[in-house]
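Everything below belongs to data15.csv, which stores CSV, C-alpha atoms and all ligand atoms.
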chain,number,residue,atom,x,y,z
Z,1019,MET,CA,-2.6,-36.3,-40.7
Z,1020,ASP,CA,0.0,-39.0,-40.9
Z,1021,TRP,CA,-0.4,-40.1,-37.2
Z,1022,LYS,CA,2.0,-43.0,-37.5
Z,1023,ASN,CA,5.0,-40.9,-38.4
Z,1024,LEU,CA,4.3,-38.1,-35.9
Z,1025,SER,CA,7.4,-37.2,-33.8
Z,1026,PHE,CA,7.5,-35.5,-30.5
Z,1027,GLY,CA,7.6,-32.0,-31.7
Z,1028,TYR,CA,5.6,-28.9,-32.5
Z,1029,THR,CA,2.9,-29.1,-35.1
Z,1030,LYS,CA,0.7,-26.1,-35.9
Z,1031,THR,CA,-3.0,-26.5,-35.1
Z,1032,ASN,CA,-5.9,-24.2,-35.8
Z,1033,TYR,CA,-6.4,-22.4,-32.5
Z,1034,ASN,CA,-5.0,-21.5,-29.2
Z,1035,THR,CA,-6.6,-19.8,-26.2
Z,1036,ARG,CA,-5.5,-16.6,-24.5
Z,1037,CYS,CA,-6.5,-14.8,-21.4
Z,1038,TYR,CA,-5.1,-11.5,-20.1
Z,1039,TYR,CA,-4.5,-10.4,-16.6
Z,1040,ARG,CA,-4.8,-6.6,-16.3
Z,1041,ASN,CA,-5.7,-4.1,-13.5
Z,1042,GLY,CA,-5.5,-6.9,-11.0
Z,1043,LYS,CA,-8.0,-9.3,-12.7
Z,1044,TRP,CA,-8.3,-12.0,-15.3
Z,1045,GLY,CA,-10.2,-11.3,-18.5
Z,1046,SER,CA,-12.1,-13.8,-20.5
Z,1047,VAL,CA,-10.7,-16.8,-22.5
Z,1048,GLU,CA,-10.4,-15.9,-26.2
Z,1049,LEU,CA,-9.7,-18.2,-29.1
Z,1050,SER,CA,-6.9,-17.1,-31.4
Z,1051,ASP,CA,-5.8,-18.4,-34.8
Z,1052,SER,CA,-2.3,-16.8,-34.6
Z,1053,GLU,CA,0.8,-18.6,-33.5
Z,1054,TYR,CA,2.4,-15.3,-32.6
Z,1055,ILE,CA,2.2,-12.9,-29.7
Z,1056,ASN,CA,2.8,-9.2,-29.9
Z,1057,MET,CA,4.7,-8.1,-26.8
Z,1058,HIS,CA,6.6,-5.2,-25.3
Z,1059,MET,CA,10.4,-5.6,-25.5
Z,1060,ALA,CA,10.7,-4.7,-21.9
Z,1061,ALA,CA,8.3,-7.5,-20.8
Z,1062,THR,CA,9.4,-9.1,-17.5
Z,1063,CYS,CA,9.2,-12.6,-19.0
Z,1064,LEU,CA,12.0,-11.7,-21.5
Z,1065,HIS,CA,14.4,-10.1,-19.0
Z,1066,TYR,CA,13.7,-11.5,-15.6
Z,1067,GLY,CA,12.3,-14.9,-16.4
Z,1068,GLN,CA,8.7,-14.5,-15.3
Z,1069,GLU,CA,7.5,-17.5,-17.2
Z,1070,ILE,CA,5.9,-20.8,-16.1
Z,1071,PHE,CA,4.4,-23.6,-18.1
Z,1072,GLU,CA,2.7,-27.0,-17.8
Z,1073,GLY,CA,2.6,-30.1,-19.9
Z,1074,MET,CA,-0.3,-32.6,-20.1
Z,1075,LYS,CA,-1.9,-34.9,-22.6
Z,1076,ALA,CA,-5.3,-35.8,-24.0
Z,1077,PHE,CA,-6.0,-39.2,-25.6
Z,1078,ARG,CA,-8.5,-40.6,-28.0
Z,1079,GLY,CA,-9.9,-43.8,-26.7
Z,1080,LYS,CA,-11.2,-46.9,-28.6
Z,1081,ASP,CA,-14.7,-45.6,-27.8
Z,1082,GLY,CA,-13.8,-42.3,-29.6
Z,1083,LYS,CA,-14.0,-40.3,-26.4
Z,1084,ILE,CA,-11.4,-37.7,-25.6
Z,1085,ARG,CA,-9.7,-38.3,-22.2
Z,1086,LEU,CA,-7.7,-35.8,-20.3
Z,1087,PHE,CA,-5.3,-37.1,-17.6
Z,1088,ARG,CA,-5.3,-35.5,-14.2
Z,1089,TRP,CA,-5.8,-31.9,-15.3
Z,1090,GLU,CA,-6.6,-30.8,-11.7
Z,1091,GLU,CA,-3.0,-31.7,-10.7
Z,1092,ASN,CA,-1.6,-29.6,-13.5
Z,1093,ALA,CA,-3.8,-26.7,-12.5
Z,1094,LYS,CA,-2.6,-27.0,-8.9
Z,1095,ARG,CA,1.0,-27.2,-9.8
Z,1096,PHE,CA,0.6,-24.2,-12.2
Z,1097,ARG,CA,-0.7,-22.2,-9.2
Z,1098,HIS,CA,2.2,-23.3,-7.1
Z,1099,SER,CA,4.7,-22.2,-9.9
Z,1100,ALA,CA,2.9,-18.9,-10.3
Z,1101,HIS,CA,3.0,-18.1,-6.6
Z,1102,GLY,CA,6.7,-19.1,-6.5
Z,1103,ILE,CA,7.8,-16.4,-8.9
Z,1104,MET,CA,5.4,-13.7,-8.0
Z,1105,MET,CA,2.8,-14.2,-10.8
Z,1106,PRO,CA,-1.0,-14.1,-10.3
Z,1107,GLU,CA,-2.4,-17.6,-9.9
Z,1108,VAL,CA,-4.7,-18.9,-12.6
Z,1109,PRO,CA,-7.9,-20.1,-10.9
Z,1110,ASP,CA,-8.6,-23.8,-11.6
Z,1111,GLU,CA,-11.9,-23.0,-13.3
Z,1112,LEU,CA,-10.1,-20.6,-15.7
Z,1113,PHE,CA,-7.3,-23.2,-16.3
Z,1114,LYS,CA,-9.9,-25.8,-17.1
Z,1115,GLU,CA,-11.9,-23.5,-19.4
Z,1116,ALA,CA,-8.8,-22.6,-21.4
Z,1117,VAL,CA,-7.6,-26.2,-21.6
Z,1118,PHE,CA,-10.9,-27.6,-22.7
Z,1119,LYS,CA,-11.5,-24.9,-25.2
Z,1120,SER,CA,-8.1,-25.5,-26.7
Z,1121,ILE,CA,-8.7,-29.2,-27.1
Z,1122,LEU,CA,-12.2,-28.8,-28.5
Z,1123,ALA,CA,-11.2,-26.2,-31.0
Z,1124,ASN,CA,-8.5,-28.6,-32.3
Z,1125,LYS,CA,-10.3,-31.9,-32.2
Z,1126,GLU,CA,-9.1,-33.0,-35.7
Z,1127,PHE,CA,-5.6,-32.9,-34.3
Z,1128,ILE,CA,-6.1,-35.5,-31.7
Z,1129,PRO,CA,-4.3,-38.7,-33.0
Z,1130,SER,CA,-6.7,-41.6,-33.3
Z,1131,TYR,CA,-6.7,-44.6,-31.0
Z,1132,GLY,CA,-4.0,-47.2,-31.8
Z,1133,THR,CA,-1.5,-44.7,-33.3
Z,1134,GLN,CA,0.5,-44.2,-30.0
Z,1135,GLY,CA,-0.1,-40.5,-30.5
Z,1136,SER,CA,-1.8,-38.0,-28.2
Z,1137,LEU,CA,-2.6,-34.3,-28.0
Z,1138,TYR,CA,0.1,-32.5,-26.0
Z,1139,ILE,CA,-1.3,-29.5,-24.1
Z,1140,ARG,CA,1.0,-26.6,-23.2
Z,1141,PRO,CA,-0.4,-24.0,-20.8
Z,1142,LEU,CA,2.0,-21.0,-20.5
Z,1143,LEU,CA,1.9,-17.9,-18.3
Z,1144,ILE,CA,4.2,-14.9,-19.0
Z,1145,GLY,CA,4.8,-11.5,-17.5
Z,1146,THR,CA,4.0,-9.1,-20.3
Z,1147,GLY,CA,4.2,-5.7,-18.6
Z,1148,ALA,CA,7.1,-3.4,-19.4
Z,1149,GLU,CA,9.5,-2.9,-16.4
Z,1150,LEU,CA,13.2,-2.0,-16.3
Z,1151,GLY,CA,13.8,-2.5,-12.6
Z,1152,VAL,CA,13.6,-6.0,-11.2
Z,1153,LYS,CA,10.0,-6.3,-10.1
Z,1154,PRO,CA,7.0,-8.4,-10.9
Z,1155,SER,CA,5.0,-7.4,-14.0
Z,1156,ARG,CA,1.5,-5.9,-13.5
Z,1157,GLU,CA,0.2,-7.6,-16.6
Z,1158,TYR,CA,0.2,-11.2,-17.7
Z,1159,LEU,CA,-0.8,-13.4,-20.6
Z,1160,PHE,CA,-2.0,-17.0,-20.1
Z,1161,ILE,CA,-1.9,-19.1,-23.3
Z,1162,VAL,CA,-2.9,-22.7,-23.9
Z,1163,PHE,CA,-1.7,-24.2,-27.1
Z,1164,VAL,CA,-1.8,-27.8,-28.2
Z,1165,SER,CA,0.2,-30.0,-30.6
Z,1166,PRO,CA,-0.4,-33.6,-31.7
Z,1167,VAL,CA,2.6,-35.7,-30.7
Z,1168,GLY,CA,3.8,-39.2,-31.5
Z,1169,PRO,CA,5.7,-41.4,-29.0
Z,1170,TYR,CA,8.6,-39.7,-27.2
Z,1171,PHE,CA,11.1,-42.4,-28.3
Z,1172,LYS,CA,10.6,-43.7,-31.8
Z,1173,GLU,CA,12.4,-47.0,-30.8
Z,1174,GLY,CA,9.5,-47.5,-28.3
Z,1175,PHE,CA,9.8,-48.6,-24.7
Z,1176,LYS,CA,13.5,-49.3,-24.5
Z,1177,PRO,CA,16.1,-48.6,-21.8
Z,1178,VAL,CA,18.4,-45.6,-22.1
Z,1179,ASN,CA,21.7,-44.6,-20.6
Z,1180,MET,CA,22.2,-41.6,-18.3
Z,1181,MET,CA,25.1,-39.6,-17.1
Z,1182,ILE,CA,25.5,-38.1,-13.6
Z,1183,CYS,CA,26.4,-34.5,-13.7
Z,1184,ARG,CA,28.7,-33.2,-10.9
Z,1185,ASP,CA,29.9,-29.9,-12.2
Z,1186,MET,CA,26.5,-28.2,-12.9
Z,1187,ASP,CA,23.3,-27.9,-11.0
Z,1188,ARG,CA,19.8,-27.4,-12.1
Z,1189,ALA,CA,18.3,-26.0,-8.9
Z,1190,ALA,CA,19.3,-25.3,-5.3
Z,1191,PRO,CA,17.5,-26.6,-2.2
Z,1192,HIS,CA,15.8,-23.3,-1.5
Z,1193,GLY,CA,15.7,-22.2,-5.2
Z,1194,THR,CA,13.1,-22.6,-8.0
Z,1195,GLY,CA,13.4,-26.4,-8.5
Z,1196,THR,CA,9.8,-27.0,-7.5
Z,1197,TYR,CA,8.4,-24.5,-10.0
Z,1198,LYS,CA,7.9,-25.4,-13.7
Z,1199,THR,CA,9.7,-22.3,-14.9
Z,1200,GLY,CA,11.8,-21.8,-18.0
Z,1201,GLY,CA,14.9,-20.7,-16.0
Z,1202,ASN,CA,15.4,-24.2,-14.6
Z,1203,TYR,CA,15.5,-25.6,-18.1
Z,1204,ALA,CA,18.0,-22.9,-19.2
Z,1205,ALA,CA,20.1,-23.8,-16.1
Z,1206,GLY,CA,20.2,-27.4,-17.1
Z,1207,MET,CA,20.8,-27.1,-20.9
Z,1208,ARG,CA,24.6,-27.1,-20.8
Z,1209,ALA,CA,24.6,-30.3,-18.7
Z,1210,VAL,CA,22.1,-32.0,-21.0
Z,1211,GLU,CA,24.3,-31.0,-24.0
Z,1212,LYS,CA,27.4,-32.5,-22.3
Z,1213,ALA,CA,25.5,-35.8,-21.7
Z,1214,HIS,CA,24.3,-35.9,-25.3
Z,1215,LYS,CA,27.8,-35.3,-26.6
Z,1216,ALA,CA,29.1,-38.1,-24.5
Z,1217,GLY,CA,26.4,-40.4,-25.9
Z,1218,TYR,CA,23.9,-40.4,-23.1
Z,1219,ALA,CA,20.1,-39.9,-23.4
Z,1220,ASN,CA,20.1,-37.4,-20.5
Z,1221,VAL,CA,21.7,-36.2,-17.3
Z,1222,ILE,CA,21.0,-37.1,-13.7
Z,1223,PHE,CA,21.3,-34.1,-11.5
Z,1224,LEU,CA,22.4,-34.6,-7.9
Z,1225,ASP,CA,21.3,-32.6,-4.9
Z,1226,ALA,CA,23.2,-29.3,-5.2
Z,1227,LYS,CA,24.2,-29.1,-1.6
Z,1228,GLU,CA,25.9,-32.4,-0.8
Z,1229,LYS,CA,26.2,-34.1,-4.2
Z,1230,LYS,CA,25.3,-37.3,-2.5
Z,1231,TYR,CA,21.7,-37.9,-3.5
Z,1232,ILE,CA,19.8,-38.3,-6.8
Z,1233,ASP,CA,17.6,-35.3,-7.6
Z,1234,GLU,CA,16.2,-35.6,-11.1
Z,1235,CYS,CA,16.8,-37.1,-14.6
Z,1236,GLY,CA,16.8,-34.0,-16.8
Z,1237,PRO,CA,13.1,-33.0,-17.3
Z,1238,ALA,CA,11.8,-36.2,-15.5
Z,1239,ASN,CA,11.7,-37.7,-12.0
Z,1240,PHE,CA,13.8,-40.7,-11.1
Z,1241,PHE,CA,12.4,-44.0,-9.6
Z,1242,ALA,CA,13.9,-47.4,-8.9
Z,1243,ILE,CA,12.6,-50.8,-8.0
Z,1244,ARG,CA,14.3,-53.1,-5.4
Z,1245,ASP,CA,12.9,-55.9,-3.2
Z,1246,ASN,CA,9.3,-55.3,-4.3
Z,1247,THR,CA,9.6,-51.6,-3.4
Z,1248,TYR,CA,9.1,-48.5,-5.5
Z,1249,ILE,CA,11.7,-45.9,-4.5
Z,1250,THR,CA,11.8,-42.3,-5.6
Z,1251,PRO,CA,13.8,-39.3,-4.3
Z,1252,GLU,CA,12.5,-36.8,-1.8
Z,1253,SER,CA,14.2,-33.5,-2.4
Z,1254,PRO,CA,13.4,-29.7,-2.0
Z,1255,SER,CA,14.8,-29.0,-5.5
Z,1256,ILE,CA,12.8,-31.3,-7.7
Z,1257,LEU,CA,9.6,-30.8,-9.7
Z,1258,ASP,CA,6.9,-32.9,-8.3
Z,1259,SER,CA,6.0,-35.1,-11.2
Z,1260,ILE,CA,2.3,-36.1,-11.7
Z,1261,THR,CA,3.4,-39.2,-13.6
Z,1262,ASN,CA,5.6,-40.2,-10.6
Z,1263,LYS,CA,2.6,-39.7,-8.2
Z,1264,SER,CA,0.5,-41.8,-10.5
Z,1265,LEU,CA,3.1,-44.6,-10.6
Z,1266,ILE,CA,3.3,-44.6,-6.8
Z,1267,SER,CA,-0.4,-45.1,-6.6
Z,1268,LEU,CA,-0.3,-47.9,-9.2
Z,1269,ALA,CA,2.7,-49.5,-7.5
Z,1270,ASP,CA,0.9,-49.5,-4.2
Z,1271,ASN,CA,-2.2,-50.9,-5.9
Z,1272,MET,CA,0.0,-53.7,-7.3
Z,1273,GLY,CA,1.2,-54.7,-3.9
Z,1274,LEU,CA,4.6,-53.0,-3.9
Z,1275,LYS,CA,5.9,-51.0,-1.0
Z,1276,THR,CA,6.6,-47.4,-1.9
Z,1277,GLU,CA,9.2,-45.1,-0.5
Z,1278,ARG,CA,9.8,-41.4,-1.1
Z,1279,ARG,CA,13.1,-40.6,0.5
Z,1280,LYS,CA,16.6,-39.4,-0.1
Z,1281,VAL,CA,18.3,-41.8,-2.6
Z,1282,LYS,CA,22.1,-42.1,-2.4
Z,1283,VAL,CA,24.0,-42.3,-5.7
Z,1284,GLU,CA,25.7,-45.6,-4.5
Z,1285,GLU,CA,22.3,-47.2,-4.2
Z,1286,LEU,CA,22.3,-47.4,-8.0
Z,1287,ALA,CA,24.4,-50.5,-7.6
Z,1288,THR,CA,21.6,-52.3,-5.8
Z,1289,PHE,CA,18.6,-51.5,-7.9
Z,1290,GLU,CA,16.8,-54.2,-9.9
Z,1291,GLU,CA,15.2,-51.6,-12.2
Z,1292,ALA,CA,15.4,-47.8,-12.6
Z,1293,GLY,CA,13.6,-45.3,-14.8
Z,1294,ALA,CA,12.8,-41.7,-15.6
Z,1295,CYS,CA,9.2,-40.6,-15.6
Z,1296,GLY,CA,7.2,-37.7,-16.9
Z,1297,THR,CA,4.3,-36.8,-19.1
Z,1298,ALA,CA,6.3,-37.0,-22.4
Z,1299,ALA,CA,7.6,-40.6,-22.2
Z,1300,VAL,CA,5.6,-41.9,-19.2
Z,1301,ILE,CA,8.6,-44.1,-18.3
Z,1302,SER,CA,12.1,-44.3,-19.9
Z,1303,PRO,CA,13.7,-47.4,-18.3
Z,1304,ILE,CA,17.4,-46.8,-17.4
Z,1305,HIS,CA,20.0,-49.4,-18.2
Z,1306,ILE,CA,23.4,-47.7,-17.5
Z,1307,VAL,CA,24.2,-44.8,-15.3
Z,1308,ALA,CA,27.7,-43.4,-15.8
Z,1309,ASP,CA,29.4,-41.3,-13.1
Z,1310,PRO,CA,32.5,-40.2,-15.0
Z,1311,VAL,CA,34.0,-37.9,-12.3
Z,1312,MET,CA,33.9,-40.8,-9.8
Z,1313,ARG,CA,35.0,-43.3,-12.5
Z,1314,LYS,CA,32.0,-45.5,-11.8
Z,1315,GLU,CA,29.4,-47.1,-14.1
Z,1316,TYR,CA,26.2,-48.6,-12.7
Z,1317,VAL,CA,24.6,-51.3,-14.8
Z,1318,ILE,CA,20.9,-51.9,-14.0
Z,1319,GLY,CA,19.1,-54.9,-15.5
Z,1320,ASN,CA,20.0,-56.7,-18.7
Z,1321,GLY,CA,19.2,-54.0,-21.3
Z,1322,GLU,CA,15.5,-54.9,-21.6
Z,1323,PRO,CA,12.8,-53.1,-19.6
Z,1324,GLY,CA,12.3,-54.6,-16.2
Z,1325,PRO,CA,9.0,-56.5,-15.4
Z,1326,VAL,CA,7.8,-54.0,-12.8
Z,1327,SER,CA,8.5,-50.9,-15.0
Z,1328,THR,CA,6.8,-52.7,-17.9
Z,1329,ARG,CA,3.7,-53.4,-15.8
Z,1330,LEU,CA,3.6,-49.9,-14.5
Z,1331,TYR,CA,4.0,-48.5,-18.0
Z,1332,ASN,CA,1.3,-50.7,-19.4
Z,1333,ARG,CA,-1.2,-49.9,-16.7
Z,1334,LEU,CA,-0.7,-46.1,-16.7
Z,1335,THR,CA,-1.0,-45.9,-20.5
Z,1336,ALA,CA,-4.1,-48.3,-20.4
Z,1337,VAL,CA,-5.8,-45.9,-18.0
Z,1338,GLN,CA,-5.0,-42.9,-20.2
Z,1339,LEU,CA,-6.4,-44.6,-23.2
Z,1340,GLY,CA,-9.5,-45.9,-21.4
Z,1341,ASP,CA,-8.5,-49.5,-21.9
Z,1342,GLU,CA,-8.3,-50.0,-18.2
Z,1343,GLN,CA,-11.0,-48.9,-15.7
Z,1344,ASP,CA,-10.2,-45.5,-14.2
Z,1345,ALA,CA,-10.1,-46.7,-10.6
Z,1346,PHE,CA,-8.3,-43.6,-9.3
Z,1347,GLY,CA,-10.5,-41.0,-10.9
Z,1348,TRP,CA,-7.6,-39.6,-13.0
Z,1349,ILE,CA,-9.6,-39.2,-16.2
Z,1350,THR,CA,-11.9,-36.4,-17.3
Z,1351,ILE,CA,-13.9,-37.0,-20.4
Z,1352,VAL,CA,-13.6,-33.9,-22.5
Z,1353,GLU,CA,-16.2,-35.1,-25.1
Z,1401,LIG,C1,7.5,-31.4,-16.0
Z,1401,LIG,C2,8.7,-32.0,-15.3
Z,1401,LIG,C3,8.7,-33.3,-14.8
Z,1401,LIG,C4,7.6,-34.3,-15.1
Z,1401,LIG,O1,6.4,-34.0,-14.5
Z,1401,LIG,P1,5.0,-34.7,-15.0
Z,1401,LIG,O2,4.0,-34.0,-14.3
Z,1401,LIG,O3,5.1,-36.1,-14.7
Z,1401,LIG,O4,5.0,-34.4,-16.5
Z,1401,LIG,C5,9.8,-33.7,-14.1
Z,1401,LIG,N1,10.8,-32.9,-13.9
Z,1401,LIG,C6,10.8,-31.6,-14.3
Z,1401,LIG,C7,12.0,-30.8,-14.1
Z,1401,LIG,C8,9.8,-31.2,-15.1
Z,1401,LIG,O5,9.8,-29.9,-15.6

How does this structure look as structure tokens?
Ligand SMILES: *Cc1c(COP(=O)(O)O)cnc(C)c1O
Amino acid sequence: MDWKNLSFGYTKTNYNTRCYYRNGKWGSVELSDSEYINMHMAATCLHYGQEIFEGMKAFRGKDGKIRLFRWEENAKRFRHSAHGIMMPEVPDELFKEAVFKSILANKEFIPSYGTQGSLYIRPLLIGTGAELGVKPSREYLFIVFVSPVGPYFKEGFKPVNMMICRDMDRAAPHGTGTYKTGGNYAAGMRAVEKAHKAGYANVIFLDAKEKKYIDECGPANFFAIRDNTYITPESPSILDSITNKSLISLADNMGLKTERRKVKVEELATFEEAGACGTAAVISPIHIVADPVMRKEYVIGNGEPGPVSTRLYNRLTAVQLGDEQDAFGWITIVE
């Protein structure tokens, strides 16, 4: 494999794991060498959106060991998502077995240390039972596939510009925003496309009810730094990012204050640093936020990553690679 030129996209590996839910119980985890699934055309995932997923990464350290980052958090969120849209929860032990099996069956696809690459892990749960009326499926398929990925941004750790969206929402306060379900992504695609066309890296969604507060940055959480404080939105319609949680712990450990609260759009004018965070990029620093409807443009920092974001990024990636001691117990050695 040419690890250095790997992009953030799908690459075929040798195996994936599958587990079926039938007659009210989970079967055993099976290895498959097929990239395809054979499914009934009336499956509930195809018509009524019974679909959830996760995204996590495994890393090859300098010592050659395979490190998995906070899988227990992903397992917990997967259960939360499943419960939210009437799907059976995958027990943590089953989740772990499928994830570990998928990694170990594809060891040669884990980018080596120093390449900036990692093994992206994609657990997926879909309703496969045929139903015509709107009701939860009686059968489900849990799949875990993996793909080697390169850095999310080829240009590296560089600030991006974002556009505030005021005419489309991703999720409502009592909707499905806290579940990692495909429908939320479909709901956001037109807004993301609009931002891309206008030359922005992604869209910032506001709270759907009042349009006053920052919700999320596309598929990532938002955070900002001001007066030695790490600030991130509290909202009933955002996906609780594990990267964000980890950055909060690191910020606290570095002596910053941390605040999880509503963040007014106008506060953008006061931030020293801002960023989007998620598994894919860890942190994308944000330079400019445009709010075209309000005819405003917020400029944050000088176009280079801020010092706090840089330290947070360096520390989190160092823990993931095993270069920094795992003081928080975030790493599981797979092998
Ligand atoms: C997955 C996701 C995130 C990031 O979560 P991580 O656990 O940090 O990867 C943020 N927002 C949305 C909408 C997501 O789907």

Using all atoms of ligand LIG 1401 (chain Z) listed in the file and a margin of 3 Å per side, can you give the axis-aligned box centre and edge lengths in Å to one decimal, as JSON?
{"center_x": 8.0, "center_y": -33.0, "center_z": -15.2, "size_x": 14.0, "size_y": 12.2, "size_z": 8.6}

(message) Between CA of Ser1052 in chain Z and CA of Asn1032 in chain Z, what distance in Å does the model show, to one decimal?
(response)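 Computing the Euclidean distance for CA of Ser1052 in chain Z and CA of Asn1032 in chain Z yields 8.3 Å.
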
(request) Show me as a list of chain:residue names the residues that reach within 7 Å of (-15.3, -39.1, -21.2), counting all atoms listed in the file and using the file's own coordinates. (result) Z:Lys1083, Z:Ile1084, Z:Arg1085, Z:Thr1350, Z:Ile1351, Z:Val1352, Z:Glu1353

Could you please take those selected residues and save C-alpha atoms as a compact mmCIF listing (two decimals), keeping the file's coordinate frame?
# COMPACT_ATOMS: atom_id res chain seq x y z
CA LYS Z 1083 -14.00 -40.30 -26.40
CA ILE Z 1084 -11.40 -37.70 -25.60
CA ARG Z 1085 -9.70 -38.30 -22.20
CA THR Z 1350 -11.90 -36.40 -17.30
CA ILE Z 1351 -13.90 -37.00 -20.40
CA VAL Z 1352 -13.60 -33.90 -22.50
CA GLU Z 1353 -16.20 -35.10 -25.10

Which residues, written as a short mmCIF file (atom, residue, chain, number, x, y, z; two decimals) with C-alpha atoms, keeping the file's coordinate frame, have at least one atom at most 10 Å from Ala1213 in chain Z, with only C-alpha atoms counted and residues fewer than 3 positions away on the same chain left out?
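What landed in result-v4.cif:
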data_model
loop_
_atom_site.label_atom_id
_atom_site.label_comp_id
_atom_site.auth_asym_id
_atom_site.auth_seq_id
_atom_site.Cartn_x
_atom_site.Cartn_y
_atom_site.Cartn_z
CA ASN Z 1179 21.70 -44.60 -20.60
CA MET Z 1180 22.20 -41.60 -18.30
CA MET Z 1181 25.10 -39.60 -17.10
CA ILE Z 1182 25.50 -38.10 -13.60
CA CYS Z 1183 26.40 -34.50 -13.70
CA MET Z 1207 20.80 -27.10 -20.90
CA ARG Z 1208 24.60 -27.10 -20.80
CA ALA Z 1209 24.60 -30.30 -18.70
CA VAL Z 1210 22.10 -32.00 -21.00
CA ALA Z 1216 29.10 -38.10 -24.50
CA GLY Z 1217 26.40 -40.40 -25.90
CA TYR Z 1218 23.90 -40.40 -23.10
CA ALA Z 1219 20.10 -39.90 -23.40
CA ASN Z 1220 20.10 -37.40 -20.50
CA VAL Z 1221 21.70 -36.20 -17.30
CA ILE Z 1222 21.00 -37.10 -13.70
CA ALA Z 1308 27.70 -43.40 -15.80
#

(request) All residues within 10 Å of ligand LIG 1401 (chain Z) are required, counting only C-alpha atoms and all ligand atoms; please report them as number ranges by chain. (result) Z: 1070-1075, 1088, 1091-1092, 1095, 1188-1189, 1195-1200, 1202-1203, 1206, 1233-1240, 1255-1265, 1294-1301

(message) Using only C-alpha atoms for the distances, tell me which of Z:Phe1127, Z:His1305, Z:Pro1191, Z:Thr1276 is nearest to Asn1320 in chain Z.
(response) Z:His1305

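Look at Glu1111 in chain Z: the protein and nucleic acid residues within 10 Å of it, using all atoms listed in the file and passing over chain neighbours fewer than 5 places away, are Glu1090, Ala1093, Ala1116 and Val1117 of chain Z.
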
(request) Using all atoms listed in the file, find the one residue out of Z:Ala1100, Z:Phe1026, Z:His1065, Z:Glu1157 that sits nearest to Asn1041 in chain Z. (result) Z:Glu1157

(message) Need to verify the contact set: Tyr1066 in chain Z, 10 Å, all atoms listed in the file, exclusion of same-chain residues closer than 6 positions in sequence. Can you return it as a list of chain:residue names?
(response)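 Everything that qualifies: Z:Ala1060, Z:Gly1145, Z:Glu1149, Z:Leu1150, Z:Gly1151, Z:Val1152, Z:Lys1153, Z:Pro1154, Z:Ser1155, Z:Gly1201.
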
At most 12 Å is the cut-off: for each residue in range 1165-1243 of chain Z with any atom that close to an atom of range 1322-1326 of chain Z, write down the nearest atom pair and the distance in Å rounded to one decimal, counting only C-alpha atoms, chain first then increasing number, as a Markdown table.
| residue | atom | partner | partner_atom | distance |
| --- | --- | --- | --- | --- |
| Z:Gly1174 | CA | Z:Pro1323 | CA | 10.9 |
| Z:Phe1175 | CA | Z:Pro1323 | CA | 7.4 |
| Z:Lys1176 | CA | Z:Pro1323 | CA | 6.2 |
| Z:Pro1177 | CA | Z:Pro1323 | CA | 6.0 |
| Z:Val1178 | CA | Z:Pro1323 | CA | 9.7 |
| Z:Phe1241 | CA | Z:Val1326 | CA | 11.5 |
| Z:Ala1242 | CA | Z:Val1326 | CA | 9.8 |
| Z:Ile1243 | CA | Z:Val1326 | CA | 7.5 |

(message) Using all atoms listed in the file, can you tell me which of Z:Leu1143, Z:Leu1064, Z:Ile1232, Z:Ile1128 comes closest to Gly1168 in chain Z?
(response)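 Answer, going by the shortest atom-to-atom distance: Z:Ile1128.
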
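We find CA of Asn1034 in chain Z and CA of Thr1194 in chain Z to be spaced 27.9 Å apart.
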